[in-house]
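Trainee: Dumping the structure here so I can ask a few things about it.
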Amino acid sequence: MSSLPLKVGIAGLGRLGKRHAQALAFNTRHCQLVAACSPVAAERDWARSELGVERLHTDFDAFVRDPQLDAVILVTPTSLHADQTIAALEAGKHVFVEKPLALNVPDCERVEAVARKHPKLVAMVGFVRRFDASYANAKAQIDAGGIGKPFLVRSQTCDMNDPSGFFVAYSAQSGGIYMDCSVHDIDLARWMLGNPKALRAFASGTIALHPGLAEHGDVDNGLAIVEFEGGARAVFYASRTLAHGHETSTEVIGTAGKLEVGHGAARDRVVTSDVHGVRHQSVADFFERFAGAFQSEMAAFIAACRGEKALTLTLSDATEATRIGLAITRSLRSGQAEAV
Ligand SMILES: NC(=O)c1ccc[n+]([C@@H]2O[C@H](COP(=O)([O-])OP(=O)(O)OC[C@H]3O[C@@H](n4cnc5c(N)ncnc54)[C@H](O)[C@@H]3O)[C@@H](O)[C@H]2O)c1
């Protein structure tokens, strides 16, 4: 373990990259944000003026080879994740890459093969929910046998409607609603169920508000069922169209009880009663719901790079999440159950 802070660079300063960059610059212990990479001048200017980052790269290859860096954080478009992760590992850097690892299984396997050649480097995929205090508590209770044998997970990722239709264009590169949103629920289900092998998936969906999604073979509300070896099952729901706020929740049912995480979208414990009725304010989006988890996730990555605590989340978990997400997406389009 080193007493020096880990020197970190970030690539991608968009919707989520800016949040990660701010956390690395101001709120993460034992690391120093020293470099940033973006093809967009305004994003590089932002990193310099808002975060004081001096090493600014337009070219990703120069960024990963920057000798000042111990580790890189990749918050770039999903289609770039696999090649950029490989480039980072081959340049001798620890790497954190946002989810999903890739939009096809061979790309995930290529990353795994390169990571095996660099066993001293940490390679982590951002399944942030594993670092949320409530999900971690639920997992600990399951591992302690609190609900008996878990056999059924019902999990949803539901965003508030964005009338700008931002994600309609985003759908062209995100892999669609299951690869972009449900991939979190898929990872959680495997984690909570003890990593059973997925066998078959069936999906159906509808477009409630955003017809532009049809062009990408996508939907704004999607349902899926996944069957696992040994009898476990998972049911997923993803939506882009909730009226009231962001609502991520998960139920795990076992032979001796059940656990619920995140039921409802209440922002806090304030309940307002007036002439309109009795109500909570809602969580607006995933940033607000998982702000603490994003911090804990980055702290776990830094700790792993510094040799303080190994990660339980593996690249192979990320490959399986992609494999299952793809089978669900195929089923949405074929209308048939698909083998995973
Ligand atoms: N964990 C989560 O809950 C969560 C939430 C949102 C997004 N994400 C993931 O984060 C990733 C980014 O999503 P986003 O919403 O921030 O996207 P975005 O489009 O807002 O940002 C992408 C960024 O990458 C930059 N970029 C593009 N090409 C680049 C290159 N070659 N080198 C360096 N930078 C490059 C762009 O300039 C931009 O700053 C996606 O993979 C997405 O799945 C994860």
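Chain labels A, B, ... are given in the sequence in which chains occur in the structure tokens; within each chain residues are numbered consecutively from 1, and ligands are likewise numbered from 1 in the order shown.
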Which residues are near ligand 1 - at most 7 Å, using only C-alpha atoms and all ligand atoms? Format: as a ChimeraX atom specification.
Mentor: /A:11-17,37-40,43,59-60,75-78,98-100,126-128,174,180,286
Trainee: With only C-alpha atoms as the counted atoms, please give the residues lying no more than 12 Å from stretch 119-121 of chain A, apart from itself and same-chain residues fewer than 4 positions off, as a list of chain:residue names.
Mentor: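 The residues that qualify are A:Asp70, A:Ala71, A:Val72, A:Thr85, A:Ile86, A:Ala88, A:Leu89, A:Glu90, A:Ala91, A:Gly92, A:Lys93, A:His94, A:Val95, A:Phe96, A:Glu112, A:Ala113, A:Val114, A:Ala115, A:Phe301, A:Ile302, A:Ala304, A:Cys305, A:Arg306, A:Gly307, A:Ala310, A:Leu311.
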Trainee: Taking C-alpha atoms for each residue, export the selection above as a compact mmCIF listing (two decimals), in the first residue's frame.
Mentor:
```txt
# COMPACT_ATOMS: atom_id res chain seq x y z
CA ASP A 70 -1.63 5.42 -12.41
CA ALA A 71 -5.30 4.90 -13.27
CA VAL A 72 -7.95 6.02 -15.75
CA THR A 85 -10.25 -0.49 -21.53
CA ILE A 86 -7.83 -2.72 -23.45
CA ALA A 88 -5.55 1.41 -20.78
CA LEU A 89 -4.52 -2.03 -19.50
CA GLU A 90 -1.88 -2.36 -22.22
CA ALA A 91 -0.52 1.04 -21.17
CA GLY A 92 -0.16 -0.29 -17.61
CA LYS A 93 -3.01 1.68 -16.02
CA HIS A 94 -5.67 0.55 -13.58
CA VAL A 95 -9.03 1.15 -15.24
CA PHE A 96 -12.56 1.95 -14.14
CA GLU A 112 -11.17 -10.26 -19.96
CA ALA A 113 -8.33 -11.90 -21.92
CA VAL A 114 -6.18 -8.75 -21.79
CA ALA A 115 -6.96 -8.24 -18.09
CA PHE A 301 -11.90 1.51 -7.02
CA ILE A 302 -9.20 3.73 -5.50
CA ALA A 304 -8.48 -1.63 -4.86
CA CYS A 305 -5.82 0.16 -6.94
CA ARG A 306 -3.91 1.01 -3.75
CA GLY A 307 -4.03 -2.64 -2.68
CA ALA A 310 -9.91 -6.36 -3.35
CA LEU A 311 -13.11 -6.02 -5.37
```
Trainee: I want to know what sits within 7 Å of A:Val219, based on only C-alpha atoms, with residues of the same chain fewer than 6 positions away left out; could you give that as JSON, numbers by chain?
Mentor: {"A": [177, 205, 206, 207, 213]}
Trainee: Quick one, how far is atom CA of A:Asn195 from atom CA of A:Val261?
Mentor: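 Interatomic distance, atom CA of A:Asn195 to atom CA of A:Val261: 19.2 Å.
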Trainee: Using only C-alpha atoms, which residues sit within 6 Å of A:Phe236 once same-chain residues fewer than 4 positions away are excluded, as a PyMOL selection string?
Mentor: chain A and resi 154-156+223-224
Trainee: A:Arg19, A:Arg323, A:His276, A:Arg289: which is nearest A:Ser134, counting only C-alpha atoms?
Mentor: A:Arg289
Trainee: Check stretch 82-322 of chain A with DSSP on the backbone and list each residue it calls strand (DSSP E), as a PyMOL selection string.
Mentor: chain A and resi 94-98+123-126+150-160+198-206+221-228+233-242+247-254+257-261+272-274+277-279
Trainee: Report, in Å to a single decimal, how far apart atom CA of A:Val153 and atom CA of A:Gly230 are.
Mentor: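 So the two atoms, atom CA of A:Gly230 and atom CA of A:Val153, lie 14.2 Å apart.
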Trainee: Please identify all polymer residues within 10 Å of A:Ala339, counting only C-alpha atoms, omitting same-chain residues fewer than 2 positions from it, and present them as an MDAnalysis selection string.
Mentor: chainID A and resid 198:202 226:227 324 327:328 330:331 336:337
Trainee: Take the residues just selected and output them with N, CA, C and O atoms as a compact mmCIF listing (two decimals), in the first residue's frame.
Mentor:
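The resulting file, part-v1.txt, is shown below:
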```txt
# COMPACT_ATOMS: atom_id res chain seq x y z
N ALA A 198 -27.62 -18.02 -16.46
CA ALA A 198 -28.87 -17.65 -17.13
C ALA A 198 -29.10 -18.57 -18.32
O ALA A 198 -28.16 -18.86 -19.08
N LEU A 199 -30.35 -19.03 -18.50
CA LEU A 199 -30.65 -19.98 -19.57
C LEU A 199 -31.45 -19.37 -20.70
O LEU A 199 -31.17 -19.58 -21.87
N ARG A 200 -32.50 -18.60 -20.34
CA ARG A 200 -33.46 -18.17 -21.36
C ARG A 200 -34.06 -16.84 -20.96
O ARG A 200 -34.21 -16.56 -19.77
N ALA A 201 -34.40 -16.03 -21.95
CA ALA A 201 -35.00 -14.72 -21.66
C ALA A 201 -36.20 -14.48 -22.57
O ALA A 201 -36.21 -14.92 -23.73
N PHE A 202 -37.18 -13.79 -22.03
CA PHE A 202 -38.32 -13.37 -22.84
C PHE A 202 -38.63 -11.91 -22.52
O PHE A 202 -38.63 -11.51 -21.36
N VAL A 226 -36.21 -13.57 -16.97
CA VAL A 226 -35.02 -14.40 -17.22
C VAL A 226 -35.11 -15.65 -16.34
O VAL A 226 -35.42 -15.56 -15.14
N GLU A 227 -34.85 -16.80 -16.96
CA GLU A 227 -34.82 -18.07 -16.24
C GLU A 227 -33.37 -18.47 -15.99
O GLU A 227 -32.54 -18.39 -16.91
N ILE A 324 -26.78 -11.46 -20.88
CA ILE A 324 -28.22 -11.54 -20.55
C ILE A 324 -28.97 -10.36 -21.18
O ILE A 324 -30.06 -10.53 -21.75
N ALA A 327 -29.63 -11.06 -24.81
CA ALA A 327 -30.67 -12.06 -25.06
C ALA A 327 -32.05 -11.42 -24.87
O ALA A 327 -32.98 -11.67 -25.65
N ILE A 328 -32.18 -10.57 -23.85
CA ILE A 328 -33.45 -9.86 -23.63
C ILE A 328 -33.76 -8.96 -24.83
O ILE A 328 -34.89 -8.92 -25.32
N ARG A 330 -32.68 -9.27 -27.90
CA ARG A 330 -33.05 -10.10 -29.06
C ARG A 330 -34.51 -10.54 -28.96
O ARG A 330 -35.24 -10.54 -29.93
N SER A 331 -34.92 -10.89 -27.74
CA SER A 331 -36.29 -11.36 -27.54
C SER A 331 -37.30 -10.25 -27.81
O SER A 331 -38.36 -10.49 -28.40
N GLN A 336 -39.89 -13.85 -29.51
CA GLN A 336 -39.76 -15.23 -29.04
C GLN A 336 -38.86 -15.27 -27.80
O GLN A 336 -38.04 -14.37 -27.62
N ALA A 337 -38.99 -16.34 -26.99
CA ALA A 337 -38.00 -16.55 -25.93
C ALA A 337 -36.66 -16.83 -26.61
O ALA A 337 -36.60 -17.48 -27.65
```
Trainee: Tell me which of A:Ala234, A:Met124, A:Leu242, A:Ala82 sits closest to A:Val105, counting only C-alpha atoms.
Mentor: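 Going through A:Ala234, A:Met124, A:Leu242, A:Ala82 one by one, the smallest distance to A:Val105 is for A:Ala82.
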Trainee: Which is closer to A:Val235 than all the others in A:Gln295, A:Ser282, A:Thr255, A:Ser204, using only C-alpha atoms?
Mentor: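 Closest to A:Val235, using only C-alpha atoms: A:Ser204.
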Trainee: Taking only C-alpha atoms into account, name the residue in A:His20, A:His246, A:Lys139, A:His118 that is nearest to A:Val97.
Mentor: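 Smallest separation from A:Val97 among the options: A:His20.
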